[in-house]
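Below is one structure; the comments refer to it alone.
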Amino acid sequence: SLFAFGITPAEPGEFTKRAFMNGKLDLIQAEAIGELITATSEASLRVASDNLAGKLSTFIDKVAEPLRDTLAEIEASLDFPEEDIEPAKHTALKNRILEAQSSLSNLLPTFQFGLRMREGFKVLLCGPPNAGKSSLLNALLGRDRAIVTEISGTTRDLIEEECIIGNHRFVLCDSAGITETHDVVERLGVELSLERIHWADLVLLIIDGAEEYSNIDELTKLIGEKTSNVWMVTNKVDLNPKSIGKYFCDGSICHQNFYLSVKTGDGLQGLKQALIEEVDNSKSDASHSSVILTQTRQAHLVESALHSLGEALSHLDPQTPLEIVSEDLRVALHTLEEMVGKTYTDDILGRIFSKFCIGK
């Protein structure tokens, strides 16, 4: 056996880690390799490819470079205190810090989009019993996953499945019908449904267009109190065409209203297209939105750098010693360098590469 000669099997991410340690990749690019391996949609593959190509790393370096110049100027003035910083130069220093702060503030919101690319956009299907939630789940999946019967309350537990719609990965969750019930198991299902609302990026409130409801307003209010992103979907319009427009959830709670028939397929494509657009629109509208944060580690470091830059700005006045501003900038730069891996610890590397496949 080769093991007898001291040869050991590759550890998770060992080849990528060696490439990083030898300076062939930075830490953001190394993380992108892991994202490429686990990508489940074209969109997540594209984001990972961009980061592997260095798009995010280049952006971070462009933010950091003026801060390095600023820190050098401040430290030069500390070394030669007789050379006071002129008001114009003081303003230029402040503007550089403000520009870096603005760039990172625009970058931070992209993390939610990057997270949805990696983990999927989470959609909860909820509403009264027998409204067609399970049928809609099956239609969106393109296969029969949930049991569909004429019996009210068939679904009593959470059913979670993934699918690709457009270029995006979605995680769909079918839930028990929300209703008053004395059945212990069914009541537990209702409680799970309500708790699951906090998990979802989007809640589809599905109702039966052929039914007469007296509590829809109460139901929409209940859901609206738990989430800010709700769409109402009126199903079975083939059984009652007059239901189109009959049930309508205003913009104070629901962002959109849909009328469709899962049975005939009418209106289903419109809902799918809206789901695709919802994910696309969740991408930051900021000027740097083509650069995407994908890891919690990255987002936390951007938040930390923003905090340090805010401290630097608050201390950049004639009454505060420049040593304090210098330290704030040094911390901000150290944070950005940690993001790309110019500074790191074995613990950080261990947490990153332990998620990789064996070898890689």
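By convention here, the chains of the structure tokens are called A, B, ... in the order presented, each chain's residues are numbered starting at 1, and ligands are numbered starting at 1 in the order presented.
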
**Item:** Picked from segment 95-160 of chain A by DSSP as strand (DSSP E), as number ranges by chain
**Value:** A: 121-126, 159-160

Dump as a PDB file, in the first residue's frame, selection limited to all heavy atoms:
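And here is the file that came out, part05.pdb:
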ATOM      1  N   PHE A 121     -33.801  30.441  -4.030  1.00  0.00           N
ATOM      2  CA  PHE A 121     -34.797  31.430  -3.598  1.00  0.00           C
ATOM      3  C   PHE A 121     -35.938  30.653  -2.941  1.00  0.00           C
ATOM      4  O   PHE A 121     -36.589  29.824  -3.558  1.00  0.00           O
ATOM      5  CB  PHE A 121     -35.295  32.207  -4.820  1.00  0.00           C
ATOM      6  CG  PHE A 121     -36.152  33.393  -4.488  1.00  0.00           C
ATOM      7  CD1 PHE A 121     -35.591  34.608  -4.168  1.00  0.00           C
ATOM      8  CD2 PHE A 121     -37.545  33.289  -4.507  1.00  0.00           C
ATOM      9  CE1 PHE A 121     -36.381  35.715  -3.872  1.00  0.00           C
ATOM     10  CE2 PHE A 121     -38.336  34.378  -4.212  1.00  0.00           C
ATOM     11  CZ  PHE A 121     -37.765  35.590  -3.893  1.00  0.00           C
ATOM     12  N   LYS A 122     -36.203  30.935  -1.659  1.00  0.00           N
ATOM     13  CA  LYS A 122     -37.132  30.125  -0.864  1.00  0.00           C
ATOM     14  C   LYS A 122     -38.563  30.654  -0.983  1.00  0.00           C
ATOM     15  O   LYS A 122     -38.823  31.821  -0.672  1.00  0.00           O
ATOM     16  CB  LYS A 122     -36.679  30.106   0.596  1.00  0.00           C
ATOM     17  CG  LYS A 122     -35.286  29.503   0.787  1.00  0.00           C
ATOM     18  CD  LYS A 122     -34.887  29.380   2.238  1.00  0.00           C
ATOM     19  CE  LYS A 122     -34.530  30.700   2.874  1.00  0.00           C
ATOM     20  NZ  LYS A 122     -33.267  31.257   2.345  1.00  0.00           N
ATOM     21  N   VAL A 123     -39.453  29.785  -1.449  1.00  0.00           N
ATOM     22  CA  VAL A 123     -40.864  30.155  -1.668  1.00  0.00           C
ATOM     23  C   VAL A 123     -41.760  29.232  -0.846  1.00  0.00           C
ATOM     24  O   VAL A 123     -41.686  28.007  -0.966  1.00  0.00           O
ATOM     25  CB  VAL A 123     -41.249  30.040  -3.160  1.00  0.00           C
ATOM     26  CG1 VAL A 123     -42.704  30.462  -3.365  1.00  0.00           C
ATOM     27  CG2 VAL A 123     -40.314  30.891  -4.012  1.00  0.00           C
ATOM     28  N   LEU A 124     -42.605  29.825  -0.007  1.00  0.00           N
ATOM     29  CA  LEU A 124     -43.555  29.060   0.801  1.00  0.00           C
ATOM     30  C   LEU A 124     -44.944  29.144   0.185  1.00  0.00           C
ATOM     31  O   LEU A 124     -45.438  30.230  -0.106  1.00  0.00           O
ATOM     32  CB  LEU A 124     -43.596  29.611   2.228  1.00  0.00           C
ATOM     33  CG  LEU A 124     -44.623  28.959   3.166  1.00  0.00           C
ATOM     34  CD1 LEU A 124     -44.253  27.503   3.429  1.00  0.00           C
ATOM     35  CD2 LEU A 124     -44.731  29.736   4.482  1.00  0.00           C
ATOM     36  N   LEU A 125     -45.557  27.980  -0.025  1.00  0.00           N
ATOM     37  CA  LEU A 125     -46.934  27.916  -0.517  1.00  0.00           C
ATOM     38  C   LEU A 125     -47.848  27.691   0.680  1.00  0.00           C
ATOM     39  O   LEU A 125     -47.758  26.660   1.355  1.00  0.00           O
ATOM     40  CB  LEU A 125     -47.101  26.763  -1.518  1.00  0.00           C
ATOM     41  CG  LEU A 125     -46.553  26.958  -2.940  1.00  0.00           C
ATOM     42  CD1 LEU A 125     -45.042  27.143  -2.933  1.00  0.00           C
ATOM     43  CD2 LEU A 125     -46.921  25.781  -3.834  1.00  0.00           C
ATOM     44  N   CYS A 126     -48.694  28.672   0.975  1.00  0.00           N
ATOM     45  CA  CYS A 126     -49.579  28.529   2.123  1.00  0.00           C
ATOM     46  C   CYS A 126     -50.962  29.058   1.769  1.00  0.00           C
ATOM     47  O   CYS A 126     -51.171  29.640   0.706  1.00  0.00           O
ATOM     48  CB  CYS A 126     -49.014  29.236   3.352  1.00  0.00           C
ATOM     49  SG  CYS A 126     -49.058  31.037   3.266  1.00  0.00           S
ATOM     50  N   ILE A 159     -43.421  19.969   3.033  1.00  0.00           N
ATOM     51  CA  ILE A 159     -42.783  19.253   1.932  1.00  0.00           C
ATOM     52  C   ILE A 159     -41.874  20.247   1.213  1.00  0.00           C
ATOM     53  O   ILE A 159     -42.349  21.266   0.699  1.00  0.00           O
ATOM     54  CB  ILE A 159     -43.817  18.676   0.950  1.00  0.00           C
ATOM     55  CG1 ILE A 159     -44.721  17.659   1.656  1.00  0.00           C
ATOM     56  CG2 ILE A 159     -43.130  18.039  -0.254  1.00  0.00           C
ATOM     57  CD1 ILE A 159     -45.846  17.140   0.786  1.00  0.00           C
ATOM     58  N   GLU A 160     -40.593  19.970   1.194  1.00  0.00           N
ATOM     59  CA  GLU A 160     -39.623  20.900   0.611  1.00  0.00           C
ATOM     60  C   GLU A 160     -38.925  20.254  -0.580  1.00  0.00           C
ATOM     61  O   GLU A 160     -38.400  19.156  -0.470  1.00  0.00           O
ATOM     62  CB  GLU A 160     -38.605  21.304   1.674  1.00  0.00           C
ATOM     63  CG  GLU A 160     -37.702  22.454   1.279  1.00  0.00           C
ATOM     64  CD  GLU A 160     -36.811  22.895   2.427  1.00  0.00           C
ATOM     65  OE1 GLU A 160     -37.347  23.235   3.499  1.00  0.00           O
ATOM     66  OE2 GLU A 160     -35.571  22.879   2.242  1.00  0.00           O
TER      67      GLU A 160
END

**Request:** Would you mind listing what lies within 12 Å of Gly270 of chain A as a list in words, with only C-alpha atoms counted and same-chain residues fewer than 6 positions away left out?
**Result:** Leu140, Val233, Gln256, Asn257, Phe258, Tyr259, Leu260, Ser261, Val262, Ile276 and Glu277 of chain A

**Prompt:** Using only C-alpha atoms, which of A:Ile60, A:Gln269, A:Asp347, A:Leu222 sits nearest His334 of chain A?
**Reply:** A:Ile60

Closest atom pairs, residues of segment 238-302 of chain A within 8 Å of segment 110-115 of chain A, only C-alpha atoms, as JSON lines:
{"residue": "A:Val279", "atom": "CA", "partner": "A:Phe113", "partner_atom": "CA", "distance": 7.7}
{"residue": "A:Ser282", "atom": "CA", "partner": "A:Phe113", "partner_atom": "CA", "distance": 6.0}
{"residue": "A:Lys283", "atom": "CA", "partner": "A:Phe113", "partner_atom": "CA", "distance": 5.3}
{"residue": "A:Ser284", "atom": "CA", "partner": "A:Thr110", "partner_atom": "CA", "distance": 5.4}
{"residue": "A:Ser289", "atom": "CA", "partner": "A:Thr110", "partner_atom": "CA", "distance": 6.6}
{"residue": "A:Val291", "atom": "CA", "partner": "A:Thr110", "partner_atom": "CA", "distance": 7.7}
{"residue": "A:Ile292", "atom": "CA", "partner": "A:Thr110", "partner_atom": "CA", "distance": 5.4}
{"residue": "A:Leu293", "atom": "CA", "partner": "A:Phe111", "partner_atom": "CA", "distance": 4.6}
{"residue": "A:Thr294", "atom": "CA", "partner": "A:Gly114", "partner_atom": "CA", "distance": 4.4}
{"residue": "A:Gln295", "atom": "CA", "partner": "A:Leu115", "partner_atom": "CA", "distance": 7.2}
{"residue": "A:Thr296", "atom": "CA", "partner": "A:Phe111", "partner_atom": "CA", "distance": 7.8}
{"residue": "A:Ala299", "atom": "CA", "partner": "A:Phe111", "partner_atom": "CA", "distance": 6.5}

**Request:** Among the residues of segment 26-260 of chain A, find those DSSP assigns to alpha helix (DSSP H) from the backbone and print them as a count of residues only.
**Result:** 110

**Asked** If we count only C-alpha atoms, what is near His198 of chain A at a cut-off of 10 Å, once residues fewer than 4 positions away on the same chain are taken out, given as an MDAnalysis selection string?
**Response** chainID A and resid 124 193:194 202:203 223 226:228

May I have the selected residues written with C-alpha atoms, as an mmCIF file, in the first residue's frame?
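Just written: out24.cif:
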data_model
loop_
_atom_site.group_PDB
_atom_site.id
_atom_site.type_symbol
_atom_site.label_atom_id
_atom_site.label_comp_id
_atom_site.auth_asym_id
_atom_site.auth_seq_id
_atom_site.Cartn_x
_atom_site.Cartn_y
_atom_site.Cartn_z
ATOM 1 C CA LEU A 124 -43.555 29.060 0.801
ATOM 2 C CA SER A 193 -46.902 26.561 8.295
ATOM 3 C CA LEU A 194 -47.046 29.813 10.258
ATOM 4 C CA LEU A 202 -41.494 34.928 -0.739
ATOM 5 C CA VAL A 203 -44.876 33.676 0.469
ATOM 6 C CA ILE A 223 -49.374 36.533 7.081
ATOM 7 C CA LYS A 226 -44.933 37.896 9.646
ATOM 8 C CA THR A 227 -43.325 38.790 6.298
ATOM 9 C CA SER A 228 -42.933 41.733 3.934
#

If we count only C-alpha atoms and set the cut-off at 10 Å, which residues sit around Gly34 of chain A, ignoring sequence neighbours fewer than 6 positions away in its own chain? Please answer as an mmCIF file with all heavy atoms, in the first residue's frame.
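Final output, result_13.cif:
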data_model
loop_
_atom_site.group_PDB
_atom_site.id
_atom_site.type_symbol
_atom_site.label_atom_id
_atom_site.label_comp_id
_atom_site.auth_asym_id
_atom_site.auth_seq_id
_atom_site.Cartn_x
_atom_site.Cartn_y
_atom_site.Cartn_z
ATOM 1 N N GLY A 13 -10.440 19.982 -0.169
ATOM 2 C CA GLY A 13 -9.936 21.244 -0.694
ATOM 3 C C GLY A 13 -8.424 21.383 -0.711
ATOM 4 O O GLY A 13 -7.905 22.489 -0.868
ATOM 5 N N THR A 16 -6.845 23.086 -3.896
ATOM 6 C CA THR A 16 -7.173 24.518 -3.949
ATOM 7 C C THR A 16 -6.416 25.272 -2.861
ATOM 8 O O THR A 16 -5.921 26.387 -3.089
ATOM 9 C CB THR A 16 -8.690 24.730 -3.770
ATOM 10 O OG1 THR A 16 -9.395 23.945 -4.726
ATOM 11 C CG2 THR A 16 -9.054 26.192 -3.972
ATOM 12 N N ALA A 48 -20.256 32.424 -9.584
ATOM 13 C CA ALA A 48 -19.027 31.768 -9.135
ATOM 14 C C ALA A 48 -17.904 31.953 -10.148
ATOM 15 O O ALA A 48 -16.743 32.188 -9.776
ATOM 16 C CB ALA A 48 -19.290 30.284 -8.900
ATOM 17 N N LEU A 52 -14.291 33.653 -9.554
ATOM 18 C CA LEU A 52 -13.065 32.912 -9.834
ATOM 19 C C LEU A 52 -12.166 33.707 -10.780
ATOM 20 O O LEU A 52 -10.936 33.676 -10.662
ATOM 21 C CB LEU A 52 -13.401 31.548 -10.447
ATOM 22 C CG LEU A 52 -12.207 30.669 -10.836
ATOM 23 C CD1 LEU A 52 -11.316 30.407 -9.618
ATOM 24 C CD2 LEU A 52 -12.675 29.355 -11.445
ATOM 25 N N ILE A 352 -12.908 27.320 5.771
ATOM 26 C CA ILE A 352 -13.234 27.473 4.351
ATOM 27 C C ILE A 352 -13.063 26.159 3.597
ATOM 28 O O ILE A 352 -13.964 25.694 2.899
ATOM 29 C CB ILE A 352 -12.363 28.575 3.710
ATOM 30 C CG1 ILE A 352 -12.799 29.952 4.242
ATOM 31 C CG2 ILE A 352 -12.484 28.538 2.178
ATOM 32 C CD1 ILE A 352 -11.905 31.086 3.784
ATOM 33 N N PHE A 353 -11.905 25.512 3.758
ATOM 34 C CA PHE A 353 -11.603 24.347 2.931
ATOM 35 C C PHE A 353 -12.232 23.055 3.453
ATOM 36 O O PHE A 353 -12.318 22.077 2.717
ATOM 37 C CB PHE A 353 -10.089 24.198 2.783
ATOM 38 C CG PHE A 353 -9.469 25.288 1.959
ATOM 39 C CD1 PHE A 353 -8.704 26.282 2.546
ATOM 40 C CD2 PHE A 353 -9.688 25.351 0.591
ATOM 41 C CE1 PHE A 353 -8.151 27.301 1.794
ATOM 42 C CE2 PHE A 353 -9.143 26.366 -0.174
ATOM 43 C CZ PHE A 353 -8.380 27.345 0.427
ATOM 44 N N LYS A 355 -15.236 22.639 3.832
ATOM 45 C CA LYS A 355 -16.501 22.497 3.113
ATOM 46 C C LYS A 355 -16.307 21.892 1.719
ATOM 47 O O LYS A 355 -17.278 21.545 1.061
ATOM 48 C CB LYS A 355 -17.181 23.869 2.970
ATOM 49 C CG LYS A 355 -17.462 24.546 4.306
ATOM 50 C CD LYS A 355 -17.990 25.966 4.087
ATOM 51 C CE LYS A 355 -18.149 26.718 5.390
ATOM 52 N NZ LYS A 355 -18.567 28.118 5.179
ATOM 53 N N PHE A 356 -15.064 21.785 1.264
ATOM 54 C CA PHE A 356 -14.772 21.285 -0.071
ATOM 55 C C PHE A 356 -14.906 19.773 -0.130
ATOM 56 O O PHE A 356 -14.905 19.071 0.877
ATOM 57 C CB PHE A 356 -13.349 21.669 -0.485
ATOM 58 C CG PHE A 356 -13.212 23.045 -1.048
ATOM 59 C CD1 PHE A 356 -13.585 24.149 -0.306
ATOM 60 C CD2 PHE A 356 -12.696 23.257 -2.301
ATOM 61 C CE1 PHE A 356 -13.438 25.431 -0.794
ATOM 62 C CE2 PHE A 356 -12.555 24.527 -2.826
ATOM 63 C CZ PHE A 356 -12.929 25.622 -2.061
ATOM 64 N N CYS A 357 -14.997 19.265 -1.370
ATOM 65 C CA CYS A 357 -14.939 17.825 -1.594
ATOM 66 C C CYS A 357 -13.516 17.336 -1.277
ATOM 67 O O CYS A 357 -12.575 18.128 -1.200
ATOM 68 C CB CYS A 357 -15.290 17.468 -3.033
ATOM 69 S SG CYS A 357 -16.891 18.091 -3.579
ATOM 70 N N LYS A 360 -9.861 18.214 -4.703
ATOM 71 C CA LYS A 360 -10.281 19.476 -5.314
ATOM 72 C C LYS A 360 -9.261 20.587 -5.040
ATOM 73 O O LYS A 360 -9.502 21.560 -4.412
ATOM 74 C CB LYS A 360 -11.668 19.901 -4.863
ATOM 75 C CG LYS A 360 -12.752 18.924 -5.312
ATOM 76 C CD LYS A 360 -12.922 18.959 -6.825
ATOM 77 C CE LYS A 360 -14.060 18.099 -7.313
ATOM 78 N NZ LYS A 360 -13.743 16.650 -7.195
#

May I have the residues within 10 Å of Asp144 of chain A as a PDB file with N, CA and C atoms, in the first residue's frame, using only C-alpha atoms and disregarding those fewer than 6 positions away in the same chain?
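File written: out.pdb
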ATOM      1  N   SER A 134     -50.724  21.960  -3.060  1.00  0.00           N
ATOM      2  CA  SER A 134     -49.932  20.799  -3.492  1.00  0.00           C
ATOM      3  C   SER A 134     -49.945  20.648  -5.001  1.00  0.00           C
ATOM      4  N   SER A 135     -51.071  20.962  -5.620  1.00  0.00           N
ATOM      5  CA  SER A 135     -51.152  20.894  -7.081  1.00  0.00           C
ATOM      6  C   SER A 135     -50.219  21.918  -7.720  1.00  0.00           C
ATOM      7  N   LEU A 137     -47.496  23.140  -6.308  1.00  0.00           N
ATOM      8  CA  LEU A 137     -46.132  22.639  -6.083  1.00  0.00           C
ATOM      9  C   LEU A 137     -45.752  21.653  -7.169  1.00  0.00           C
ATOM     10  N   ASN A 138     -46.615  20.686  -7.438  1.00  0.00           N
ATOM     11  CA  ASN A 138     -46.336  19.684  -8.460  1.00  0.00           C
ATOM     12  C   ASN A 138     -46.161  20.327  -9.836  1.00  0.00           C
TER      13      ASN A 138
END

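Nearest residue to Leu67 of chain A, choosing from A:Ala39, A:Val331, A:Val237, A:Val171 and counting only C-alpha atoms: A:Val331.
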
**Request:** Using atom CA of Gly120 of chain A and atom CA of Leu107 of chain A as the two end points, give the distance in Å to one decimal.
**Result:**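 Computing it gives 20.1 Å between the two atoms.
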
Polymer residues at most 12 Å from Gly251 of chain A, only C-alpha atoms, same-chain spacing of 4 or more positions, as an mmCIF file with C-alpha atoms, in the first residue's frame:
data_model
loop_
_atom_site.group_PDB
_atom_site.id
_atom_site.type_symbol
_atom_site.label_atom_id
_atom_site.label_comp_id
_atom_site.auth_asym_id
_atom_site.auth_seq_id
_atom_site.Cartn_x
_atom_site.Cartn_y
_atom_site.Cartn_z
ATOM 1 C CA THR A 220 -53.742 38.129 4.726
ATOM 2 C CA LYS A 221 -53.259 40.333 7.782
ATOM 3 C CA GLY A 224 -48.537 40.170 6.375
ATOM 4 C CA SER A 228 -42.933 41.733 3.934
ATOM 5 C CA ASN A 229 -43.103 39.777 0.673
ATOM 6 C CA VAL A 230 -46.481 38.169 -0.080
ATOM 7 C CA TRP A 231 -48.255 37.398 -3.363
ATOM 8 C CA MET A 232 -51.874 36.271 -3.532
ATOM 9 C CA HIS A 255 -47.039 42.969 -3.811
ATOM 10 C CA GLN A 256 -48.787 41.089 -6.625
ATOM 11 C CA ASN A 257 -52.035 39.221 -7.392
#
